[in-house]
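Have a look at start-v4.cif below; it lists mmCIF, C-alpha atoms.
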data_target
#
loop_
_atom_site.group_PDB
_atom_site.id
_atom_site.type_symbol
_atom_site.label_atom_id
_atom_site.label_comp_id
_atom_site.auth_asym_id
_atom_site.auth_seq_id
_atom_site.Cartn_x
_atom_site.Cartn_y
_atom_site.Cartn_z
ATOM 1 C CA TYR A 4 -0.039 -0.460 9.234
ATOM 2 C CA MET A 5 3.197 -0.702 11.217
ATOM 3 C CA LEU A 6 5.861 -3.360 10.708
ATOM 4 C CA GLU A 7 9.367 -4.126 11.849
ATOM 5 C CA LEU A 8 12.052 -6.069 10.018
ATOM 6 C CA TYR A 9 13.675 -8.200 12.703
ATOM 7 C CA ASN A 10 16.253 -10.861 11.755
ATOM 8 C CA ASP A 11 15.074 -10.723 8.108
ATOM 9 C CA GLN A 12 11.444 -11.355 9.124
ATOM 10 C CA LEU A 13 8.523 -8.924 8.881
ATOM 11 C CA ILE A 14 6.590 -8.632 12.151
ATOM 12 C CA ASP A 15 3.210 -6.877 12.528
ATOM 13 C CA LEU A 16 3.459 -4.419 15.429
ATOM 14 C CA LEU A 17 -0.265 -3.593 15.534
ATOM 15 C CA VAL A 18 -1.295 -7.097 16.571
ATOM 16 C CA ASP A 19 -2.569 -6.928 20.148
ATOM 17 C CA LYS A 20 -1.110 -10.087 21.668
ATOM 18 C CA LYS A 21 -2.571 -9.227 25.088
ATOM 19 C CA LYS A 22 -6.037 -9.717 23.612
ATOM 20 C CA GLY A 23 -5.049 -13.041 22.098
ATOM 21 C CA GLU A 24 -4.796 -11.789 18.524
ATOM 22 C CA THR A 25 -2.754 -14.047 16.244
ATOM 23 C CA PRO A 26 -0.578 -12.436 13.543
ATOM 24 C CA LEU A 27 -1.214 -13.550 9.976
ATOM 25 C CA PRO A 28 1.488 -14.496 7.461
ATOM 26 C CA LEU A 29 2.744 -11.343 5.706
ATOM 27 C CA SER A 30 3.469 -11.134 1.990
ATOM 28 C CA ILE A 31 4.625 -8.122 -0.051
ATOM 29 C CA LYS A 32 2.646 -7.366 -3.220
ATOM 30 C CA LEU A 33 2.296 -4.544 -5.746
ATOM 31 C CA ASP A 34 -1.129 -3.323 -6.855
ATOM 32 C CA ALA A 35 -1.996 -2.089 -10.348
ATOM 33 C CA ARG A 36 -0.681 1.406 -9.543
ATOM 34 C CA GLY A 37 2.669 0.091 -8.319
ATOM 35 C CA VAL A 38 1.849 0.746 -4.657
ATOM 36 C CA VAL A 39 3.258 -1.729 -2.150
ATOM 37 C CA VAL A 40 0.603 -3.695 -0.272
ATOM 38 C CA VAL A 41 1.487 -5.959 2.655
ATOM 39 C CA GLN A 42 -1.146 -8.679 2.685
ATOM 40 C CA GLY A 43 -2.035 -9.938 6.146
ATOM 41 C CA ALA A 44 -0.978 -6.751 7.938
ATOM 42 C CA VAL A 45 -3.368 -5.206 10.460
ATOM 43 C CA VAL A 46 -4.674 -1.862 9.179
ATOM 44 C CA LYS A 47 -6.064 0.576 11.730
ATOM 45 C CA GLY A 48 -8.330 3.519 11.009
ATOM 46 C CA PRO A 49 -9.688 5.636 9.610
ATOM 47 C CA CYS A 50 -8.012 8.313 11.724
ATOM 48 C CA SER A 51 -9.233 11.900 11.424
ATOM 49 C CA THR A 52 -6.999 13.494 14.085
ATOM 50 C CA PHE A 53 -3.321 13.423 14.993
ATOM 51 C CA GLU A 54 -4.160 12.022 18.425
ATOM 52 C CA GLN A 55 -5.831 8.966 16.886
ATOM 53 C CA LEU A 56 -2.876 8.350 14.583
ATOM 54 C CA ASN A 57 -0.300 8.872 17.322
ATOM 55 C CA LYS A 58 -2.073 6.348 19.555
ATOM 56 C CA TRP A 59 -1.343 3.549 17.087
ATOM 57 C CA ASN A 60 2.169 4.881 16.542
ATOM 58 C CA GLU A 61 2.979 4.601 20.250
ATOM 59 C CA PHE A 62 1.269 1.207 20.468
ATOM 60 C CA GLY A 63 3.516 -0.217 17.744
ATOM 61 C CA ILE A 64 6.735 1.386 19.020
ATOM 62 C CA ASN A 65 6.207 -0.191 22.445
ATOM 63 C CA GLN A 66 6.293 -3.646 20.815
ATOM 64 C CA ARG A 67 9.501 -3.057 18.852
ATOM 65 C CA HIS A 68 12.597 -5.131 19.629
ATOM 66 C CA VAL A 69 15.044 -3.083 21.727
ATOM 67 C CA ALA A 70 18.149 -4.261 23.609
ATOM 68 C CA SER A 71 21.271 -2.912 25.281
ATOM 69 C CA THR A 72 24.754 -2.873 23.706
ATOM 70 C CA ALA A 73 28.102 -1.356 24.680
ATOM 71 C CA MET A 74 27.271 1.704 22.535
ATOM 72 C CA ASN A 75 23.571 2.200 23.304
ATOM 73 C CA ALA A 76 21.496 1.323 26.359
ATOM 74 C CA GLU A 77 18.311 1.168 24.228
ATOM 75 C CA SER A 78 19.540 0.038 20.842
ATOM 76 C CA SER A 79 16.946 -0.637 18.139
ATOM 77 C CA ARG A 80 17.365 -4.204 16.941
ATOM 78 C CA SER A 81 15.096 -3.865 13.923
ATOM 79 C CA HIS A 82 13.998 -1.482 11.173
ATOM 80 C CA LEU A 83 10.615 0.169 11.806
ATOM 81 C CA LEU A 84 8.109 1.007 9.037
ATOM 82 C CA PHE A 85 4.921 3.005 9.639
ATOM 83 C CA SER A 86 2.801 3.427 6.482
ATOM 84 C CA ILE A 87 -0.061 5.935 6.360
ATOM 85 C CA ILE A 88 -2.642 6.126 3.547
ATOM 86 C CA VAL A 89 -3.916 9.702 3.164
ATOM 87 C CA ASP A 90 -7.230 10.487 1.422
ATOM 88 C CA ALA A 91 -8.027 14.173 0.818
ATOM 89 C CA LYS A 92 -11.440 15.039 -0.613
ATOM 90 C CA ASN A 93 -12.302 18.300 -2.343
ATOM 91 C CA LYS A 94 -15.751 19.199 -0.983
ATOM 92 C CA GLN A 95 -16.577 21.347 -4.009
ATOM 93 C CA THR A 96 -15.625 18.960 -6.836
ATOM 94 C CA GLY A 97 -15.813 15.650 -4.995
ATOM 95 C CA ASN A 98 -12.369 14.666 -6.301
ATOM 96 C CA VAL A 99 -10.268 12.517 -3.968
ATOM 97 C CA THR A 100 -6.473 12.740 -3.866
ATOM 98 C CA VAL A 101 -4.827 9.547 -2.600
ATOM 99 C CA GLY A 102 -1.302 9.374 -1.205
ATOM 100 C CA LYS A 103 0.920 7.122 0.873
ATOM 101 C CA MET A 104 3.514 8.227 3.417
ATOM 102 C CA THR A 105 5.935 5.739 4.950
ATOM 103 C CA LEU A 106 7.938 6.730 8.013
ATOM 104 C CA VAL A 107 11.021 4.546 8.445
ATOM 105 C CA ASP A 108 13.364 4.337 11.432
ATOM 106 C CA LEU A 109 16.461 2.481 10.250
ATOM 107 C CA ALA A 110 18.614 0.741 12.824
ATOM 108 C CA GLY A 111 22.186 1.964 12.618
ATOM 109 C CA SER A 112 24.998 -0.147 11.202
ATOM 110 C CA GLU A 113 27.170 -1.733 13.883
ATOM 111 C CA ARG A 114 30.757 -2.797 14.373
ATOM 112 C CA GLN A 115 31.150 -5.761 16.671
ATOM 113 C CA SER A 116 34.422 -4.386 18.034
ATOM 114 C CA LYS A 117 32.525 -1.409 19.502
ATOM 115 C CA THR A 118 29.128 -2.899 20.374
ATOM 116 C CA GLN A 119 30.659 -6.097 21.804
ATOM 117 C CA ALA A 120 27.579 -7.897 20.558
ATOM 118 C CA GLN A 121 27.351 -11.636 21.166
ATOM 119 C CA GLY A 122 24.744 -14.344 20.705
ATOM 120 C CA ASP A 123 21.351 -12.920 19.706
ATOM 121 C CA ARG A 124 22.737 -9.379 19.569
ATOM 122 C CA MET A 125 25.324 -10.545 17.027
ATOM 123 C CA LYS A 126 22.671 -12.197 14.836
ATOM 124 C CA GLU A 127 20.600 -9.010 14.949
ATOM 125 C CA ALA A 128 23.616 -6.894 13.945
ATOM 126 C CA ILE A 129 24.348 -9.155 10.958
ATOM 127 C CA SER A 130 20.717 -8.852 9.780
ATOM 128 C CA ILE A 131 20.747 -5.055 10.228
ATOM 129 C CA ASN A 132 23.981 -4.603 8.257
ATOM 130 C CA LYS A 133 22.772 -6.960 5.526
ATOM 131 C CA SER A 134 19.552 -5.018 4.919
ATOM 132 C CA LEU A 135 21.349 -1.652 5.035
ATOM 133 C CA SER A 136 23.786 -2.931 2.429
ATOM 134 C CA ALA A 137 20.867 -3.973 0.193
ATOM 135 C CA LEU A 138 19.293 -0.542 0.640
ATOM 136 C CA GLY A 139 22.598 1.055 -0.363
ATOM 137 C CA ASP A 140 22.670 -1.033 -3.544
ATOM 138 C CA VAL A 141 19.152 0.140 -4.470
ATOM 139 C CA ILE A 142 20.004 3.785 -3.781
ATOM 140 C CA SER A 143 23.163 3.461 -5.894
ATOM 141 C CA ALA A 144 21.237 1.884 -8.782
ATOM 142 C CA LEU A 145 18.558 4.599 -8.678
ATOM 143 C CA SER A 146 21.058 7.453 -8.479
ATOM 144 C CA THR A 147 23.057 6.170 -11.476
ATOM 145 C CA GLY A 148 19.950 5.469 -13.604
ATOM 146 C CA GLU A 149 20.421 1.718 -13.965
ATOM 147 C CA LYS A 150 17.647 -0.190 -15.725
ATOM 148 C CA ILE A 151 17.483 -3.053 -13.212
ATOM 149 C CA ILE A 152 16.892 -2.056 -9.591
ATOM 150 C CA PRO A 153 17.512 -4.871 -7.042
ATOM 151 C CA TYR A 154 14.423 -4.239 -4.906
ATOM 152 C CA ARG A 155 13.799 -7.944 -4.238
ATOM 153 C CA ASN A 156 17.244 -8.646 -2.805
ATOM 154 C CA ASN A 157 15.954 -7.841 0.674
ATOM 155 C CA LYS A 158 12.575 -7.447 2.366
ATOM 156 C CA LEU A 159 13.496 -3.918 3.470
ATOM 157 C CA THR A 160 14.025 -2.663 -0.082
ATOM 158 C CA HIS A 161 11.049 -4.684 -1.341
ATOM 159 C CA VAL A 162 8.593 -3.066 1.075
ATOM 160 C CA LEU A 163 10.115 0.392 0.411
ATOM 161 C CA GLN A 164 9.962 0.031 -3.363
ATOM 162 C CA ASP A 165 7.168 2.565 -3.918
ATOM 163 C CA GLY A 166 8.887 5.083 -1.636
ATOM 164 C CA LEU A 167 12.302 4.973 -3.290
ATOM 165 C CA GLY A 168 11.601 4.899 -7.012
ATOM 166 C CA GLY A 169 8.804 5.883 -9.357
ATOM 167 C CA ASN A 170 6.035 8.235 -8.251
ATOM 168 C CA ALA A 171 7.583 9.216 -4.915
ATOM 169 C CA LYS A 172 9.747 11.678 -3.037
ATOM 170 C CA THR A 173 12.366 10.458 -0.565
ATOM 171 C CA LEU A 174 13.750 12.334 2.441
ATOM 172 C CA MET A 175 16.516 10.976 4.683
ATOM 173 C CA PHE A 176 17.473 12.363 8.090
ATOM 174 C CA VAL A 177 20.749 11.170 9.605
ATOM 175 C CA ASN A 178 21.497 10.999 13.332
ATOM 176 C CA ILE A 179 25.221 11.329 14.014
ATOM 177 C CA SER A 180 27.352 11.251 17.153
ATOM 178 C CA PRO A 181 29.251 14.367 18.280
ATOM 179 C CA ALA A 182 32.023 12.215 19.843
ATOM 180 C CA ASP A 183 35.306 11.942 17.954
ATOM 181 C CA TYR A 184 35.372 8.302 19.005
ATOM 182 C CA ASN A 185 32.563 7.719 16.446
ATOM 183 C CA CYS A 186 34.126 9.782 13.661
ATOM 184 C CA ASP A 187 34.318 6.837 11.254
ATOM 185 C CA GLU A 188 30.623 5.961 11.727
ATOM 186 C CA THR A 189 29.640 9.613 11.299
ATOM 187 C CA SER A 190 31.538 9.938 8.025
ATOM 188 C CA THR A 191 30.111 6.683 6.662
ATOM 189 C CA SER A 192 26.538 7.688 7.552
ATOM 190 C CA LEU A 193 26.836 11.068 5.834
ATOM 191 C CA GLN A 194 28.280 9.488 2.681
ATOM 192 C CA TYR A 195 25.462 6.929 2.721
ATOM 193 C CA ALA A 196 22.790 9.630 2.919
ATOM 194 C CA SER A 197 24.423 11.885 0.319
ATOM 195 C CA ARG A 198 23.675 9.330 -2.402
ATOM 196 C CA VAL A 199 19.953 9.686 -1.764
ATOM 197 C CA LYS A 200 20.155 13.284 -3.047
ATOM 198 C CA ASN A 201 21.100 11.954 -6.492
ATOM 199 C CA ILE A 202 17.823 10.031 -6.900
ATOM 200 C CA THR A 203 15.500 11.816 -9.351
ATOM 201 C CA ASN A 204 11.788 10.949 -9.313
ATOM 202 C CA ASN A 205 8.763 12.626 -10.900
ATOM 203 C CA ALA A 206 6.049 12.663 -8.263
ATOM 204 C CA THR A 207 2.496 13.360 -9.521
ATOM 205 C CA LYS A 208 -0.886 13.504 -7.822
ATOM 206 C CA GLN A 209 -3.243 10.542 -7.969
ATOM 207 C CA VAL A 210 -6.722 12.015 -8.248
ATOM 208 C CA GLU A 211 -9.988 10.095 -8.503
ATOM 209 C CA THR A 212 -13.016 11.988 -9.759
ATOM 210 C CA ALA A 213 -16.459 11.546 -8.248
ATOM 211 C CA GLU A 214 -17.541 9.622 -11.375
ATOM 212 C CA ILE A 215 -14.689 7.117 -11.014
ATOM 213 C CA GLN A 216 -15.596 6.582 -7.368
ATOM 214 C CA ARG A 217 -19.221 5.905 -8.334
ATOM 215 C CA LEU A 218 -18.232 3.386 -10.995
ATOM 216 C CA LYS A 219 -15.834 1.632 -8.620
ATOM 217 C CA LYS A 220 -18.668 1.286 -6.130
ATOM 218 C CA ILE A 221 -20.879 -0.340 -8.777
ATOM 219 C CA ILE A 222 -18.173 -2.845 -9.705
ATOM 220 C CA ALA A 223 -17.564 -3.649 -6.029
ATOM 221 C CA GLU A 224 -21.265 -4.330 -5.497
ATOM 222 C CA LEU A 225 -21.413 -6.574 -8.572
ATOM 223 C CA ASN A 226 -18.327 -8.501 -7.485
ATOM 224 C CA GLY A 227 -19.925 -8.915 -4.071
ATOM 225 C CA GLY A 228 -22.803 -10.930 -5.523
ATOM 226 C CA GLY A 229 -25.295 -8.164 -6.223
ATOM 227 C CA LYS A 230 -26.434 -7.741 -2.629
ATOM 228 C CA LYS A 231 -27.516 -4.217 -3.444
ATOM 229 C CA GLY A 232 -29.760 -3.371 -6.331
ATOM 230 C CA VAL A 233 -27.959 -1.602 -9.159
ATOM 231 C CA VAL A 234 -29.483 -0.128 -12.281
ATOM 232 C CA LEU A 235 -27.228 -0.226 -15.333
ATOM 233 C CA GLU A 236 -28.128 2.273 -18.032
ATOM 234 C CA ILE A 237 -27.638 0.282 -21.253
ATOM 235 C CA GLN A 238 -28.084 2.215 -24.452
ATOM 236 C CA GLU A 239 -30.163 0.243 -26.965
ATOM 237 C CA GLU A 240 -29.052 0.493 -30.592
ATOM 238 C CA GLU A 241 -31.568 1.062 -33.357
ATOM 239 C CA PRO A 242 -31.959 -2.006 -35.647
ATOM 240 C CA ASP A 243 -30.664 -1.758 -39.207
ATOM 241 C CA GLU A 244 -33.320 -1.125 -41.822
ATOM 242 C CA GLU A 245 -32.372 -4.269 -43.759
ATOM 243 C CA GLN A 246 -32.498 -6.476 -40.662
ATOM 244 C CA PRO A 247 -35.884 -7.580 -39.322
ATOM 245 C CA ALA A 248 -36.673 -6.179 -35.947
ATOM 246 C CA ASP A 249 -37.465 -9.677 -34.650
ATOM 247 C CA ASN A 250 -33.813 -10.685 -35.042
ATOM 248 C CA VAL A 251 -32.532 -7.817 -32.879
ATOM 249 C CA GLU A 252 -31.321 -9.052 -29.507
ATOM 250 C CA ASP A 253 -33.049 -7.346 -26.602
ATOM 251 C CA ASP A 254 -30.540 -6.237 -23.956
ATOM 252 C CA SER A 255 -33.306 -6.061 -21.378
ATOM 253 C CA LYS A 256 -33.364 -9.847 -21.106
ATOM 254 C CA TYR A 257 -30.098 -9.637 -19.164
ATOM 255 C CA LEU A 258 -31.745 -7.478 -16.523
ATOM 256 C CA HIS A 259 -33.869 -10.072 -14.838
ATOM 257 C CA GLY A 260 -33.709 -12.263 -11.799
ATOM 258 C CA PRO A 261 -34.157 -11.569 -8.088
ATOM 259 C CA ASP A 262 -32.209 -8.310 -8.107
ATOM 260 C CA PHE A 263 -33.167 -6.851 -11.480
ATOM 261 C CA GLU A 264 -36.240 -6.330 -13.585
ATOM 262 C CA GLN A 265 -36.762 -4.273 -16.702
ATOM 263 C CA GLY A 266 -37.124 -0.549 -16.013
ATOM 264 C CA GLY A 267 -35.588 -0.374 -12.519
ATOM 265 C CA VAL A 268 -34.730 -2.103 -9.272
ATOM 266 C CA GLN A 269 -37.068 -4.722 -7.885
ATOM 267 C CA GLU A 270 -38.694 -3.482 -4.715
ATOM 268 C CA ASP A 271 -37.697 -6.324 -2.411
ATOM 269 C CA PRO A 272 -36.663 -5.513 1.188
ATOM 270 C CA GLU A 273 -34.183 -8.432 1.184
ATOM 271 C CA PRO A 274 -33.035 -9.097 -2.397
ATOM 272 C CA ASP A 275 -31.217 -12.368 -3.058
ATOM 273 C CA SER A 276 -27.835 -12.680 -4.757
ATOM 274 C CA ILE A 277 -27.520 -12.896 -8.541
ATOM 275 C CA GLY A 278 -26.655 -16.356 -9.783
ATOM 276 C CA GLY A 279 -23.166 -17.029 -11.057
ATOM 277 C CA GLU A 280 -24.108 -17.026 -14.778
ATOM 278 C CA GLU A 281 -26.344 -13.951 -14.495
ATOM 279 C CA ALA A 282 -23.722 -12.017 -12.474
ATOM 280 C CA ALA A 283 -21.115 -12.778 -15.135
ATOM 281 C CA VAL A 284 -23.384 -11.399 -17.874
ATOM 282 C CA VAL A 285 -24.130 -8.219 -15.913
ATOM 283 C CA GLN A 286 -20.479 -7.664 -15.043
ATOM 284 C CA ALA A 287 -19.497 -8.164 -18.691
ATOM 285 C CA SER A 288 -21.997 -5.472 -19.674
ATOM 286 C CA ALA A 289 -20.611 -3.151 -17.002
ATOM 287 C CA SER A 290 -17.020 -3.681 -18.164
ATOM 288 C CA LYS A 291 -17.974 -2.316 -21.603
ATOM 289 C CA LEU A 292 -19.181 0.875 -19.961
ATOM 290 C CA VAL A 293 -16.453 1.296 -17.344
ATOM 291 C CA PRO A 294 -12.892 2.114 -18.485
ATOM 292 C CA SER A 295 -9.779 0.947 -16.641
ATOM 293 C CA PHE A 296 -9.414 2.843 -13.358
ATOM 294 C CA ASP A 297 -5.669 2.406 -13.276
ATOM 295 C CA GLU A 298 -5.150 4.834 -16.141
ATOM 296 C CA GLU A 299 -6.054 8.469 -16.055
ATOM 297 C CA ASP A 300 -8.667 9.416 -18.624
ATOM 298 C CA PRO A 301 -8.355 13.031 -19.755
ATOM 299 C CA ASP A 302 -12.030 13.050 -20.741
ATOM 300 C CA ALA A 303 -13.286 11.667 -17.422
#
Show this structure as structure tokens.
Amino acid sequence: YMLELYNDQLIDLLVDKKKGETPLPLSIKLDARGVVVVQGAVVKGPCSTFEQLNKWNEFGINQRHVASTAMNAESSRSHLLFSIIVDAKNKQTGNVTVGKMTLVDLAGSERQSKTQAQGDRMKEAISINKSLSALGDVISALSTGEKIIPYRNNKLTHVLQDGLGGNAKTLMFVNISPADYNCDETSTSLQYASRVKNITNNATKQVETAEIQRLKKIIAELNGGGKKGVVLEIQEEEPDEEQPADNVEDDSKYLHGPDFEQGGVQEDPEPDSIGGEEAAVVQASASKLVPSFDEEDPDA
């Protein structure tokens, strides 16, 4: 997905307004792994080549807010964020390595005395400087090892949370002016970026084995109402010698209904959905067999 932060508002740049597409409300969330997810954002893909990825990159950039100031004829009036989810599969083992790369183009801080910004340009400059200040506070807190990091003070730092701290690596490239007239801005920008070098994170790979992928697929099918037949291998326990066999509960009674029958999948070309009560029982049985996918299991 590609977003811009314009006047403290997130805007989806991959919405094709020429085709009459309407942007959805955007909200920033964290999943179980601590990865930032922007709900409502348009996600394009999958892309298997650079050309496919670059097509969406150029599409979004062409919709970014740009205006002229006294310092720049094509000044960026917003911060640009382009997030790419990368899945790499090992063809021999079937393991999938999942990663996220966010490319960010920050609008530069501005001084009104030099840009001569007025009206809308002035409002944009205030928003840009405000978000850059919030980003500086987060970088300072991370570099000094503070326990509380003010990610939620601004939407820019909130959406960049998984790229600044935790399981991530951060690189910052600074564009500076060779003119002595901009010496103060050049010095400030270099000092700003130098603090990023003091951030220490421990980045590790997130690998999903083929078995975890299979179990996730089963859970997804069950949560979807059992549209596809699924056979759950339930191990039956031997009854105790002191307990009559008639009192032993038969697990096979849970595997019945339109999608299941004892011993396998019902051969029905168009199976119906499992009822609410039956689906809950089946999913409860599956949860006993399937461990949490958010934690790495060394024995998996």
Applying 7 Å and all atoms listed in the file, which residues near region 151-162 of chain A remain after dropping the ones on its own chain fewer than 5 positions away? List them as an mmCIF file with C-alpha atoms, in the frame of the given file.
data_model
loop_
_atom_site.group_PDB
_atom_site.id
_atom_site.type_symbol
_atom_site.label_atom_id
_atom_site.label_comp_id
_atom_site.auth_asym_id
_atom_site.auth_seq_id
_atom_site.Cartn_x
_atom_site.Cartn_y
_atom_site.Cartn_z
ATOM 1 C CA ILE A 31 4.625 -8.122 -0.051
ATOM 2 C CA VAL A 39 3.258 -1.729 -2.150
ATOM 3 C CA SER A 134 19.552 -5.018 4.919
ATOM 4 C CA ALA A 137 20.867 -3.973 0.193
ATOM 5 C CA LEU A 138 19.293 -0.542 0.640
ATOM 6 C CA VAL A 141 19.152 0.140 -4.470
ATOM 7 C CA ALA A 144 21.237 1.884 -8.782
ATOM 8 C CA LEU A 145 18.558 4.599 -8.678
#
Next item on the list: Rank nothing, just name the residue among A:Gly23, A:Gly97, A:Gly63, A:Pro28 nearest to Phe85 (chain A), using all atoms listed in the file.
Entry: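 Smallest separation from Phe85 (chain A) among the options: A:Gly63.
Selecting by distance to (18.2, 13.9, 4.1) with a limit of 12 Å and using only C-alpha atoms, one obtains Lys172, Thr173, Leu174, Met175, Phe176, Val177, Asn178, Ser192, Leu193, Gln194, Tyr195, Ala196, Ser197, Arg198, Val199, Lys200, Asn201 and Ile202 of chain A.
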Grab all the atoms of region 11-19 of chain A that the file lists, wrap them in a box along x, y and z, add 5 Å per side, and give me centre plus edge lengths in Å (one decimal) as JSON.
{"center_x": 6.3, "center_y": -7.5, "center_z": 14.1, "size_x": 27.6, "size_y": 17.8, "size_z": 22.0}
Next item on the list: With a distance cut-off of 10 Å and only C-alpha atoms, select the neighbouring residues of region 110-117 of chain A, excluding the residue or stretch itself and same-chain residues fewer than 3 positions from it, and output the selection as a ChimeraX atom specification.
Entry: /A:8,72-74,78-83,107,120-121,124-125,127-136,177-179,185,188,191-192
Margin query: I need the residue nearest Ser71 (chain A) from this list: A:Thr118, A:Arg217, A:Val99, A:Val41. Use only C-alpha atoms for the distance.
Written below: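 Of all the options, A:Thr118 lies closest to Ser71 (chain A).
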Checklist line | Nearest to Gln164 (chain A) by atom-to-atom distance, counting only C-alpha atoms, from A:Thr105, A:Ser190, A:Ser143, A:Ser51 | finding: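 Among the listed residues, the smallest separation from Gln164 (chain A) belongs to A:Thr105.
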Next item on the list: Please indicate the distance in Å from CA of Arg36 (chain A) to CA of Thr100 (chain A), rounded to one decimal place.
Entry: 13.9 Å
Margin query: Under the rule that all atoms listed in the file are counted, which of A:Leu17, A:Ile222, A:Cys50, A:Leu33 is the nearest residue to Arg67 (chain A)?
Written below: A:Leu17
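Here CA of Asp34 (chain A) and CA of Glu149 (chain A) stand 23.2 Å from one another.
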Next item on the list: Find the distance between CA of Leu6 (chain A) and CA of Asn204 (chain A) and write it in Å to one decimal.
Entry: 25.3 Å
Next item on the list: I would like the residues chosen by the PyMOL selection byres ((chain A and resi 103) around 9) on the shown file; could you give them as JSON, numbers by chain?
Entry: {"A": [38, 86, 87, 88, 89, 90, 101, 102, 104, 105, 166]}
Check: For Ala44 (chain A), which residue out of A:Leu163, A:Leu109, A:Ile14, A:Ile142 is the nearest one, using all atoms listed in the file?
Finding: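 Between A:Leu163, A:Leu109, A:Ile14, A:Ile142, the residue approaching Ala44 (chain A) most closely is A:Ile14.
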Check: Which residue out of A:Asn10, A:Asn60, A:Thr203, A:Thr25 has the minimum interatomic distance to Ser146 (chain A) when all atoms listed in the file are used?
Finding: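 Between A:Asn10, A:Asn60, A:Thr203, A:Thr25, the residue approaching Ser146 (chain A) most closely is A:Thr203.
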Note to self: Taking the file as I've supplied it (selection: the PyMOL selection byres ((chain A and resi 4) around 6)), which residues are included? Please answer as JSON, numbers by chain.
What the structure shows: {"A": [5, 45, 46, 86]}
Region 222-227 of chain A rebuilt with all heavy atoms, output as an mmCIF file, in the frame of the given file:
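That gives us selection.cif:
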data_model
loop_
_atom_site.group_PDB
_atom_site.id
_atom_site.type_symbol
_atom_site.label_atom_id
_atom_site.label_comp_id
_atom_site.auth_asym_id
_atom_site.auth_seq_id
_atom_site.Cartn_x
_atom_site.Cartn_y
_atom_site.Cartn_z
ATOM 1 N N ILE A 222 -18.920 -1.621 -9.452
ATOM 2 C CA ILE A 222 -18.173 -2.845 -9.705
ATOM 3 C C ILE A 222 -18.004 -3.647 -8.423
ATOM 4 O O ILE A 222 -18.122 -4.875 -8.419
ATOM 5 C CB ILE A 222 -16.797 -2.511 -10.310
ATOM 6 C CG1 ILE A 222 -16.964 -1.868 -11.693
ATOM 7 C CG2 ILE A 222 -15.940 -3.759 -10.419
ATOM 8 C CD1 ILE A 222 -17.652 -2.739 -12.709
ATOM 9 N N ALA A 223 -17.738 -2.951 -7.304
ATOM 10 C CA ALA A 223 -17.564 -3.649 -6.029
ATOM 11 C C ALA A 223 -18.844 -4.358 -5.616
ATOM 12 O O ALA A 223 -18.814 -5.481 -5.099
ATOM 13 C CB ALA A 223 -17.123 -2.658 -4.947
ATOM 14 N N GLU A 224 -19.989 -3.716 -5.843
ATOM 15 C CA GLU A 224 -21.265 -4.330 -5.497
ATOM 16 C C GLU A 224 -21.556 -5.536 -6.382
ATOM 17 O O GLU A 224 -22.072 -6.555 -5.923
ATOM 18 C CB GLU A 224 -22.383 -3.301 -5.597
ATOM 19 C CG GLU A 224 -22.311 -2.207 -4.534
ATOM 20 C CD GLU A 224 -23.330 -1.109 -4.748
ATOM 21 O OE1 GLU A 224 -23.989 -1.136 -5.816
ATOM 22 O OE2 GLU A 224 -23.469 -0.245 -3.869
ATOM 23 N N LEU A 225 -21.201 -5.443 -7.681
ATOM 24 C CA LEU A 225 -21.413 -6.574 -8.572
ATOM 25 C C LEU A 225 -20.506 -7.740 -8.205
ATOM 26 O O LEU A 225 -20.926 -8.895 -8.208
ATOM 27 C CB LEU A 225 -21.143 -6.144 -10.022
ATOM 28 C CG LEU A 225 -22.171 -5.177 -10.626
ATOM 29 C CD1 LEU A 225 -21.725 -4.727 -12.008
ATOM 30 C CD2 LEU A 225 -23.538 -5.824 -10.701
ATOM 31 N N ASN A 226 -19.250 -7.449 -7.884
ATOM 32 C CA ASN A 226 -18.327 -8.501 -7.485
ATOM 33 C C ASN A 226 -18.726 -9.129 -6.166
ATOM 34 O O ASN A 226 -18.374 -10.282 -5.884
ATOM 35 C CB ASN A 226 -16.901 -7.958 -7.370
ATOM 36 C CG ASN A 226 -16.321 -7.599 -8.725
ATOM 37 O OD1 ASN A 226 -16.763 -8.131 -9.743
ATOM 38 N ND2 ASN A 226 -15.345 -6.711 -8.745
ATOM 39 N N GLY A 227 -19.481 -8.384 -5.352
ATOM 40 C CA GLY A 227 -19.925 -8.915 -4.071
ATOM 41 C C GLY A 227 -21.169 -9.773 -4.168
ATOM 42 O O GLY A 227 -21.722 -10.183 -3.166
#
